[in-house]
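As stored in protein_7.csv (CSV, C-alpha atoms):
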chain,number,residue,atom,x,y,z
A,1,MET,CA,37.1,14.8,-81.3
A,2,ASN,CA,33.8,16.2,-80.2
A,3,ASN,CA,34.5,15.7,-76.5
A,4,TYR,CA,37.6,16.2,-74.5
A,5,SER,CA,38.3,16.4,-70.8
A,6,GLY,CA,41.8,17.6,-70.1
A,7,GLU,CA,43.9,19.0,-67.2
A,8,THR,CA,43.3,22.7,-68.0
A,9,LEU,CA,40.3,22.7,-70.3
A,10,SER,CA,37.5,20.6,-71.6
A,11,TRP,CA,35.0,20.8,-74.5
A,12,GLU,CA,31.8,19.2,-75.7
A,13,ILE,CA,29.1,19.9,-78.3
A,14,ILE,CA,25.7,20.6,-76.8
A,15,ASP,CA,22.8,21.4,-79.1
A,16,GLY,CA,25.1,22.4,-81.9
A,17,CYS,CA,27.2,24.7,-79.7
A,18,ILE,CA,30.8,23.9,-78.8
A,19,GLU,CA,31.4,24.7,-75.2
A,20,LEU,CA,35.0,25.2,-74.2
A,21,ALA,CA,35.5,25.3,-70.5
A,22,LEU,CA,38.7,26.5,-68.8
A,23,HIS,CA,39.4,24.9,-65.5
A,24,ARG,CA,43.0,25.3,-64.3
A,25,GLU,CA,43.6,26.5,-60.8
A,26,PRO,CA,43.7,29.2,-59.6
A,27,CYS,CA,42.4,31.3,-62.5
A,28,ASN,CA,43.2,29.6,-65.8
A,29,GLU,CA,46.7,31.0,-66.2
A,30,ILE,CA,48.0,30.2,-69.7
A,31,GLY,CA,51.2,28.2,-69.5
A,32,SER,CA,52.6,25.4,-71.6
A,33,LYS,CA,50.0,22.8,-70.6
A,34,THR,CA,47.1,25.1,-71.4
A,35,LEU,CA,48.7,26.1,-74.7
A,36,GLU,CA,49.1,22.4,-75.5
A,37,GLU,CA,45.5,21.7,-74.8
A,38,LEU,CA,44.4,24.9,-76.7
A,39,GLU,CA,46.4,23.6,-79.7
A,40,ARG,CA,44.6,20.3,-79.3
A,41,PHE,CA,41.3,22.2,-79.3
A,42,VAL,CA,42.0,24.2,-82.5
A,43,SER,CA,43.2,20.9,-84.2
A,44,ALA,CA,39.7,19.4,-83.5
A,45,LEU,CA,37.9,22.6,-84.3
A,46,GLY,CA,37.7,22.2,-88.1
A,47,GLU,CA,35.9,18.9,-87.8
A,48,MET,CA,33.6,20.1,-85.0
A,49,GLU,CA,32.7,23.2,-87.1
A,50,ARG,CA,30.7,20.9,-89.4
A,51,GLU,CA,28.4,19.9,-86.6
A,52,ALA,CA,28.1,23.2,-84.8
A,53,HIS,CA,26.9,26.7,-85.3
A,54,ALA,CA,28.5,28.5,-82.3
A,55,LEU,CA,31.3,28.3,-79.8
A,56,ILE,CA,31.2,29.5,-76.2
A,57,ILE,CA,34.4,29.9,-74.2
A,58,TYR,CA,33.9,30.1,-70.4
A,59,SER,CA,35.6,29.4,-67.1
A,60,ARG,CA,34.6,27.1,-64.3
A,61,MET,CA,37.0,28.8,-61.9
A,62,LYS,CA,35.4,31.1,-59.3
A,63,ALA,CA,38.0,33.8,-59.5
A,64,GLY,CA,37.2,34.6,-63.1
A,65,PHE,CA,37.6,33.9,-66.8
A,66,CYS,CA,41.4,33.9,-67.0
A,67,ALA,CA,44.2,35.9,-65.3
A,68,GLY,CA,46.4,35.7,-68.4
A,69,ALA,CA,49.8,34.2,-69.0
A,70,ASP,CA,51.4,31.9,-66.5
A,71,LEU,CA,54.0,34.4,-65.3
A,72,ARG,CA,55.6,32.0,-62.9
A,73,GLU,CA,56.3,29.5,-65.6
A,74,LEU,CA,57.5,32.3,-67.8
A,75,TYR,CA,59.9,33.7,-65.2
A,76,PHE,CA,61.4,30.3,-64.2
A,77,GLY,CA,61.7,29.3,-67.9
A,78,ALA,CA,63.5,32.5,-68.8
A,79,SER,CA,65.7,32.7,-65.7
A,80,GLY,CA,66.8,29.1,-66.2
A,81,MET,CA,68.5,30.1,-69.5
A,82,GLY,CA,69.1,33.7,-68.6
A,83,PHE,CA,66.7,36.5,-69.7
A,84,ALA,CA,69.2,37.7,-72.3
A,85,ASN,CA,69.0,34.4,-74.1
A,86,ALA,CA,65.3,33.8,-73.6
A,87,GLU,CA,64.0,35.5,-76.7
A,88,PRO,CA,63.7,32.3,-78.8
A,89,LEU,CA,61.7,30.6,-76.0
A,90,VAL,CA,59.3,33.5,-75.7
A,91,ARG,CA,59.0,33.9,-79.5
A,92,ASP,CA,58.1,30.2,-79.9
A,93,PHE,CA,55.4,30.4,-77.2
A,94,LEU,CA,54.0,33.6,-78.8
A,95,ASN,CA,54.0,32.1,-82.3
A,96,ARG,CA,52.1,29.0,-81.0
A,97,ILE,CA,49.6,31.0,-78.9
A,98,HIS,CA,49.0,33.4,-81.8
A,99,THR,CA,48.2,30.4,-84.1
A,100,VAL,CA,45.6,29.3,-81.6
A,101,MET,CA,44.1,32.7,-81.2
A,102,ASN,CA,44.0,33.3,-84.9
A,103,ALA,CA,42.3,30.0,-85.5
A,104,ILE,CA,39.6,30.9,-83.0
A,105,ASP,CA,39.3,34.4,-84.4
A,106,ALA,CA,38.9,33.0,-87.9
A,107,SER,CA,36.5,30.2,-87.1
A,108,PRO,CA,33.3,30.4,-89.3
A,109,LEU,CA,31.3,29.7,-86.1
A,110,THR,CA,29.8,32.6,-84.2
A,111,THR,CA,32.0,32.7,-81.1
A,112,ILE,CA,31.1,34.0,-77.6
A,113,ALA,CA,33.3,34.6,-74.6
A,114,ALA,CA,31.1,34.3,-71.5
A,115,VAL,CA,33.2,35.9,-68.9
A,116,HIS,CA,33.1,36.7,-65.2
A,117,GLY,CA,35.5,38.0,-62.6
A,118,VAL,CA,39.2,38.5,-63.6
A,119,THR,CA,39.6,38.8,-67.3
A,120,PHE,CA,43.1,40.0,-67.5
A,121,GLY,CA,46.1,40.1,-69.9
A,122,GLY,CA,46.1,36.9,-72.0
A,123,GLY,CA,42.6,36.1,-70.7
A,124,PHE,CA,41.3,39.4,-72.0
A,125,GLU,CA,43.1,38.6,-75.3
A,126,LEU,CA,41.4,35.2,-75.5
A,127,ALA,CA,38.1,36.9,-75.0
A,128,LEU,CA,38.9,39.4,-77.8
A,129,THR,CA,39.3,36.6,-80.3
A,130,CYS,CA,35.6,36.0,-79.9
A,131,ASP,CA,32.9,37.7,-81.9
A,132,LEU,CA,30.9,38.6,-78.8
A,133,ILE,CA,31.8,39.1,-75.2
A,134,PHE,CA,29.1,38.5,-72.6
A,135,ALA,CA,30.1,39.6,-69.2
A,136,ASP,CA,28.6,39.2,-65.8
A,137,LYS,CA,28.4,42.4,-63.8
A,138,MET,CA,31.4,41.3,-61.6
A,139,ALA,CA,33.7,40.9,-64.6
A,140,ARG,CA,36.8,43.2,-64.8
A,141,PHE,CA,39.1,43.7,-67.8
A,142,CYS,CA,42.7,44.8,-67.7
A,143,PHE,CA,46.0,44.8,-69.5
A,144,PRO,CA,48.5,44.9,-66.7
A,145,GLU,CA,51.5,44.2,-68.9
A,146,LEU,CA,53.0,47.7,-68.7
A,147,ARG,CA,53.5,47.1,-65.0
A,148,LEU,CA,55.9,44.3,-66.0
A,149,GLY,CA,57.7,46.3,-68.6
A,150,LEU,CA,55.9,44.6,-71.4
A,151,ILE,CA,53.0,45.0,-73.8
A,152,PRO,CA,50.2,42.5,-74.3
A,153,GLY,CA,51.7,39.6,-76.3
A,154,PHE,CA,48.8,37.4,-77.3
A,155,GLY,CA,47.3,39.7,-79.9
A,156,GLY,CA,45.6,42.1,-77.5
A,157,ILE,CA,46.5,45.5,-79.0
A,158,PRO,CA,45.6,44.8,-82.6
A,159,ARG,CA,42.3,43.1,-81.6
A,160,LEU,CA,41.3,45.8,-79.1
A,161,ARG,CA,42.1,48.4,-81.8
A,162,ARG,CA,40.0,46.5,-84.3
A,163,ASP,CA,37.0,46.7,-82.0
A,164,LEU,CA,37.3,50.0,-80.1
A,165,GLY,CA,38.3,53.6,-80.6
A,166,ASN,CA,42.0,54.4,-80.2
A,167,ALA,CA,41.4,56.7,-77.2
A,168,VAL,CA,39.8,53.8,-75.3
A,169,VAL,CA,42.6,51.5,-76.2
A,170,ARG,CA,45.2,54.0,-74.9
A,171,ASP,CA,43.3,54.5,-71.7
A,172,ILE,CA,43.2,50.8,-71.0
A,173,LEU,CA,46.7,50.1,-72.1
A,174,LEU,CA,48.7,53.1,-70.9
A,175,THR,CA,47.1,53.4,-67.5
A,176,GLY,CA,47.0,49.6,-66.9
A,177,ARG,CA,43.8,50.1,-65.0
A,178,SER,CA,41.1,47.5,-64.8
A,179,ILE,CA,37.6,48.4,-66.0
A,180,ASN,CA,34.3,46.8,-64.9
A,181,ALA,CA,31.8,45.2,-67.1
A,182,THR,CA,29.5,48.2,-67.2
A,183,LYS,CA,32.3,50.5,-68.4
A,184,ALA,CA,33.3,47.8,-70.9
A,185,GLN,CA,29.8,47.7,-72.2
A,186,ASN,CA,29.6,51.5,-72.4
A,187,VAL,CA,32.8,51.6,-74.6
A,188,GLY,CA,31.5,48.8,-76.9
A,189,LEU,CA,33.7,46.0,-75.7
A,190,VAL,CA,31.0,43.9,-74.0
A,191,SER,CA,27.9,43.0,-76.1
A,192,GLN,CA,25.6,41.9,-73.3
A,193,LEU,CA,25.7,42.3,-69.5
A,194,ALA,CA,24.5,39.4,-67.4
A,195,GLY,CA,23.7,39.1,-63.7
A,196,GLU,CA,26.3,37.6,-61.4
A,197,ASN,CA,27.2,34.0,-62.5
A,198,GLU,CA,24.8,34.2,-65.4
A,199,SER,CA,27.0,35.0,-68.4
A,200,LEU,CA,27.1,31.3,-69.5
A,201,ARG,CA,23.3,31.0,-69.4
A,202,VAL,CA,22.9,34.2,-71.4
A,203,ALA,CA,25.5,33.0,-73.9
A,204,ARG,CA,23.6,29.7,-74.3
A,205,PHE,CA,20.4,31.6,-75.1
A,206,THR,CA,22.2,33.6,-77.8
A,207,ALA,CA,23.9,30.5,-79.2
A,208,ALA,CA,20.4,28.9,-79.6
A,209,GLN,CA,19.3,32.0,-81.5
A,210,ILE,CA,22.3,31.9,-83.7
A,211,GLY,CA,21.4,28.3,-84.5
A,212,LYS,CA,18.3,29.5,-86.3
A,213,PHE,CA,20.4,31.3,-89.0
A,214,ASP,CA,21.9,29.8,-92.1
A,215,ARG,CA,25.4,28.9,-91.1
A,216,ARG,CA,27.0,29.8,-94.4
A,217,THR,CA,25.4,33.3,-94.3
A,218,SER,CA,26.6,33.8,-90.7
A,219,ALA,CA,30.1,32.8,-91.7
A,220,GLU,CA,30.1,35.1,-94.7
A,221,ALA,CA,28.9,38.0,-92.6
A,222,LYS,CA,31.6,37.3,-90.0
A,223,ARG,CA,34.4,37.1,-92.6
A,224,PHE,CA,33.2,40.5,-94.1
A,225,LEU,CA,32.9,42.2,-90.7
A,226,LYS,CA,35.9,40.9,-88.8
A,227,PRO,CA,39.2,41.0,-90.7
A,228,ILE,CA,42.2,39.6,-88.8
A,229,PRO,CA,45.0,42.1,-88.5
A,230,TYR,CA,47.8,39.7,-89.2
A,231,ARG,CA,50.5,42.3,-89.9
A,232,GLU,CA,49.9,44.1,-86.6
A,233,LEU,CA,49.8,40.8,-84.8
A,234,GLN,CA,53.2,39.9,-86.1
A,235,GLU,CA,54.5,43.4,-85.2
A,236,GLU,CA,53.2,42.9,-81.6
A,237,ILE,CA,55.2,39.7,-81.3
A,238,ASP,CA,58.3,41.4,-82.5
A,239,ILE,CA,57.9,44.3,-80.0
A,240,PHE,CA,57.2,41.9,-77.1
A,241,CYS,CA,60.3,39.9,-77.9
A,242,ARG,CA,62.4,43.0,-78.1
A,243,LEU,CA,61.1,44.3,-74.8
A,244,PHE,CA,61.5,41.0,-73.0
A,245,THR,CA,65.2,41.1,-72.7
A,246,GLU,CA,65.2,44.5,-71.0
A,247,PRO,CA,66.1,44.4,-67.3
A,248,ALA,CA,62.8,45.9,-66.2
A,249,VAL,CA,61.0,42.7,-67.3
A,250,GLU,CA,63.1,40.4,-65.2
A,251,ALA,CA,62.7,42.7,-62.2
A,252,GLY,CA,58.9,42.9,-62.7
A,253,LEU,CA,58.5,39.2,-63.1
A,254,ARG,CA,60.7,38.4,-60.1
A,255,LYS,CA,58.6,40.7,-58.0
A,256,PHE,CA,55.5,38.9,-59.2
A,257,VAL,CA,56.9,35.5,-58.5
A,258,GLU,CA,58.2,36.4,-55.0
A,259,SER,CA,54.9,37.9,-54.0
A,260,THR,CA,52.5,35.9,-51.9
A,261,ASP,CA,49.6,38.1,-52.9
A,262,ALA,CA,46.8,36.5,-54.9
A,263,LEU,CA,47.1,39.0,-57.7
A,264,PRO,CA,50.5,40.7,-57.2
A,265,TYR,CA,50.4,42.7,-60.4
A,266,LEU,CA,47.4,44.7,-59.0
A,267,PRO,CA,48.2,47.9,-57.2
B,1,MET,CA,25.6,64.8,-52.7
B,2,LYS,CA,26.2,62.2,-50.1
B,3,THR,CA,28.2,63.1,-47.1
B,4,ILE,CA,31.4,61.2,-46.3
B,5,GLU,CA,29.5,59.6,-43.4
B,6,GLN,CA,26.8,58.3,-45.7
B,7,VAL,CA,29.3,56.9,-48.2
B,8,THR,CA,31.3,55.2,-45.4
B,9,ASP,CA,28.1,53.7,-43.9
B,10,GLU,CA,27.0,52.3,-47.3
B,11,ILE,CA,30.5,50.8,-47.8
B,12,LEU,CA,30.4,49.2,-44.4
B,13,THR,CA,27.0,47.8,-45.0
B,14,LEU,CA,27.9,46.5,-48.5
B,15,ALA,CA,31.1,44.9,-47.2
B,16,SER,CA,29.3,43.4,-44.3
B,17,THR,CA,26.7,41.8,-46.5
B,18,HIS,CA,29.0,40.4,-49.2
B,19,PHE,CA,31.8,39.2,-47.0
B,20,LYS,CA,29.6,37.9,-44.2
B,21,VAL,CA,31.0,40.0,-41.4
B,22,GLU,CA,28.6,41.4,-38.8
B,23,ARG,CA,28.1,45.1,-39.5
B,24,ASP,CA,28.7,46.0,-35.8
B,25,ARG,CA,32.2,44.6,-36.0
B,26,LEU,CA,33.2,47.0,-38.8
B,27,SER,CA,34.4,50.6,-38.2
B,28,PRO,CA,35.5,53.3,-40.6
B,29,THR,CA,39.1,53.2,-39.5
B,30,ASP,CA,39.4,49.4,-39.8
B,31,ASP,CA,41.9,47.9,-42.2
B,32,PHE,CA,39.4,46.2,-44.5
B,33,PHE,CA,41.9,43.5,-45.6
B,34,LYS,CA,42.1,42.4,-41.9
B,35,SER,CA,38.5,43.0,-40.8
B,36,LEU,CA,37.0,41.3,-43.8
B,37,GLY,CA,39.7,38.7,-44.1
B,38,ILE,CA,40.2,39.3,-47.8
B,39,ASP,CA,43.1,39.1,-50.2
B,40,SER,CA,43.8,41.3,-53.2
B,41,LEU,CA,41.5,39.2,-55.4
B,42,GLN,CA,38.6,39.8,-53.1
B,43,ALA,CA,39.6,43.4,-52.8
B,44,LEU,CA,39.1,43.6,-56.5
B,45,GLU,CA,35.7,42.1,-56.0
B,46,LEU,CA,34.9,44.8,-53.4
B,47,LEU,CA,36.1,47.5,-55.8
B,48,THR,CA,33.7,46.2,-58.5
B,49,ARG,CA,30.8,46.0,-56.0
B,50,LEU,CA,31.5,49.5,-54.9
B,51,GLU,CA,31.7,50.8,-58.4
B,52,ASN,CA,28.4,49.1,-59.2
B,53,HIS,CA,26.7,50.3,-56.0
B,54,PHE,CA,27.8,54.0,-56.3
B,55,ASN,CA,27.8,54.0,-60.1
B,56,VAL,CA,31.3,55.4,-60.3
B,57,GLU,CA,34.6,54.4,-61.9
B,58,LEU,CA,37.4,54.0,-59.4
B,59,PRO,CA,40.7,53.2,-61.2
B,60,ASP,CA,42.5,50.6,-59.1
B,61,TYR,CA,45.7,52.7,-58.9
B,62,GLU,CA,43.6,55.3,-57.1
B,63,VAL,CA,43.0,53.0,-54.2
B,64,GLN,CA,46.6,51.8,-54.2
B,65,GLY,CA,47.8,51.6,-50.7
B,66,VAL,CA,44.3,52.3,-49.3
B,67,SER,CA,43.3,49.8,-46.7
B,68,ASP,CA,40.8,51.5,-44.5
B,69,PHE,CA,37.1,52.2,-45.2
B,70,GLN,CA,37.3,55.9,-44.4
B,71,THR,CA,39.9,56.6,-47.0
B,72,LEU,CA,38.1,54.4,-49.5
B,73,ALA,CA,35.0,56.4,-48.9
B,74,GLU,CA,36.9,59.7,-49.6
B,75,ARG,CA,38.1,58.3,-52.9
B,76,ILE,CA,34.6,57.3,-53.9
B,77,GLN,CA,33.1,60.6,-52.8
B,78,SER,CA,35.5,62.5,-55.0
B,79,ARG,CA,34.0,60.6,-57.9
B,80,LEU,CA,30.3,61.1,-57.1
Conversion result in structure tokens:
Amino acid sequence: MNNYSGETLSWEIIDGCIELALHREPCNEIGSKTLEELERFVSALGEMEREAHALIIYSRMKAGFCAGADLRELYFGASGMGFANAEPLVRDFLNRIHTVMNAIDASPLTTIAAVHGVTFGGGFELALTCDLIFADKMARFCFPELRLGLIPGFGGIPRLRRDLGNAVVRDILLTGRSINATKAQNVGLVSQLAGENESLRVARFTAAQIGKFDRRTSAEAKRFLKPIPYRELQEEIDIFCRLFTEPAVEAGLRKFVESTDALPYLP
Amino acid sequence: MKTIEQVTDEILTLASTHFKVERDRLSPTDDFFKSLGIDSLQALELLTRLENHFNVELPDYEVQGVSDFQTLAERIQSRL
């Protein structure tokens, strides 16, 4: 399926590049519908890989690339059955989203996350599955999970640790602060900085350049350079599930859900 | 080193330009959420614009609870 137009995302192949657009209001929160459509995407990916050399993931939402997991859906799902009993629900969601993230991570295509604005939590983790992150100068990156009594659950810590020094990972994770695109480039997270609203255009230029290379060689180089930390990813799921039944999480999520603020997990 | 007045003035000018509020209508003691009519998402945008303008890093928890331009200017000046 080379073209798809869904509720939360769409994709098409343009000049040998798969463009996956996220477009769920307000900022591409990843809930069950997005997960379902991401699963549909990775199911189609294998076939599309024969016709493409690159993949660009970007957002059509003004607020940013992706604000992370749909915490409202998570809260109401878990509170419906009681947080103490919600571990299987959470584990199932995490197993499914990890399968998606791992498939994107392992794709033989050269993959680019073209980000702008809010790139938080699960959105940051989605960007980290890509080989390259191009950010417009208004992008911000953050792992706010500790504010909810959790750790990132979509593969963020192992992938960030794969790419960056541990001191930087600790800074981002343990302070919960957001960093801007310039800082992210300085620490080696962002490959290229773009002007405001220009990250997709910059990514397309690079995808065209990638198209000049032998695809098999690019895929071999990627496989050699970018091992997937499966053991740590599984460990992250286990830690997340263990933490999820702690009272702090229910309290943190309730506070989030009851807030009328646009981004209530920000200070 | 810029004075606190200079920093405040630059913040007001930048905020005026990007959030389309007349510069004369903004004063240092204003609550910027109210005077600019912005929410936390746009406050994050303001933070990014200020970091880019002054070439500083301003952790978001450091501006927690700050809602007036003057105090924001003090936080930025301490990073210059």
I'd like the contact shell of B:Ser16 - 9 Å cut-off, all atoms listed in the file, skipping same-chain residues fewer than 5 positions apart - returned as a PyMOL selection string. chain B and resi 11+21-26+36
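Note that the spacing between atom CA of B:Gly65 and atom CA of B:Leu44 amounts to 13.2 Å.
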Interface residues on chain B facing chain A, 6 Å, only C-alpha atoms, written as a list in words: Ser40, Leu41, Pro59, Tyr61 and Gln64 of chain B
Can you tell me, as a PyMOL selection string, what residues are no more than 8 Å from A:Leu160 when counting all atoms listed in the file, ignoring any on the same chain fewer than 4 positions away? chain A and resi 128+156+164+169
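Counting all atoms listed in the file, B:Arg75 has the following residues at most 9 Å away, ignoring those fewer than 4 positions along the same chain: B:Leu58, B:Glu62, B:Val63, B:Gln70, B:Thr71, B:Arg79.
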Two-atom distance - atom CA of B:Lys34, atom CA of A:Phe256 (Å): 22.2 Å
Can you tell me which residues surround B:Leu12 at a distance of at most 12 Å, considering all atoms listed in the file, apart from same-chain residues fewer than 4 positions away, and format the answer as a ChimeraX atom specification? /B:5-8,16-32,35-36,46,50,68-70,72-73
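Remark: for A:Ser259, the closest of the candidate residues A:Ile151, A:Leu71, A:Val42, A:Val187 is A:Leu71 (distances computed over only C-alpha atoms).
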Which is closest to B:Glu57 among A:Ile237, A:Ala184, A:Ile30, A:Ile112, if we use only C-alpha atoms? A:Ala184
Would you mind listing what lies within 8 Å of A:Glu19 as a tab-separated table (two decimals) with C-alpha atoms, in the coordinates of the input, with all atoms listed in the file counted and same-chain residues fewer than 4 positions away left out?
chain	number	residue	atom	x	y	z
A	11	TRP	CA	35.00	20.80	-74.50
A	12	GLU	CA	31.80	19.20	-75.70
A	13	ILE	CA	29.10	19.90	-78.30
A	14	ILE	CA	25.70	20.60	-76.80
A	55	LEU	CA	31.30	28.30	-79.80
A	56	ILE	CA	31.20	29.50	-76.20
A	57	ILE	CA	34.40	29.90	-74.20
A	58	TYR	CA	33.90	30.10	-70.40
Using all atoms listed in the file for the distances, tell me which of A:Arg162, A:Arg170, A:Arg204, A:His98 is nearest to A:Phe143. A:Arg170
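Ranking B:Glu51, B:Leu14, B:Ser67, B:Asp60 by their shortest atom-to-atom distance to B:Leu80, with only C-alpha atoms included, puts B:Glu51 first.
When atom CA of A:Gly16 is paired with atom CA of A:Glu49, their separation reads 9.2 Å.
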Please tell me which residues are no farther than 10 Å from (24.7, 35.4, -75.1) in the file, counting all atoms listed in the file, and write them as a VMD selection string. chain A and resid 56 111 to 114 132 to 135 191 to 194 198 to 210
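Every residue within 12 Å of the file position (46.4, 19.3, -68.1), judged by all atoms listed in the file, is given as Tyr4, Ser5, Gly6, Glu7, Thr8, Leu9, Ser10, Leu22, His23, Arg24, Glu25, Asn28, Glu29, Ile30, Gly31, Ser32, Lys33, Thr34, Leu35, Glu36, Glu37, Leu38 and Arg40 of chain A.
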Put those residues in a file: C-alpha atoms, as a compact mmCIF listing (two decimals), in the frame of the given file.
# COMPACT_ATOMS: atom_id res chain seq x y z
CA TYR A 4 37.60 16.20 -74.50
CA SER A 5 38.30 16.40 -70.80
CA GLY A 6 41.80 17.60 -70.10
CA GLU A 7 43.90 19.00 -67.20
CA THR A 8 43.30 22.70 -68.00
CA LEU A 9 40.30 22.70 -70.30
CA SER A 10 37.50 20.60 -71.60
CA LEU A 22 38.70 26.50 -68.80
CA HIS A 23 39.40 24.90 -65.50
CA ARG A 24 43.00 25.30 -64.30
CA GLU A 25 43.60 26.50 -60.80
CA ASN A 28 43.20 29.60 -65.80
CA GLU A 29 46.70 31.00 -66.20
CA ILE A 30 48.00 30.20 -69.70
CA GLY A 31 51.20 28.20 -69.50
CA SER A 32 52.60 25.40 -71.60
CA LYS A 33 50.00 22.80 -70.60
CA THR A 34 47.10 25.10 -71.40
CA LEU A 35 48.70 26.10 -74.70
CA GLU A 36 49.10 22.40 -75.50
CA GLU A 37 45.50 21.70 -74.80
CA LEU A 38 44.40 24.90 -76.70
CA ARG A 40 44.60 20.30 -79.30
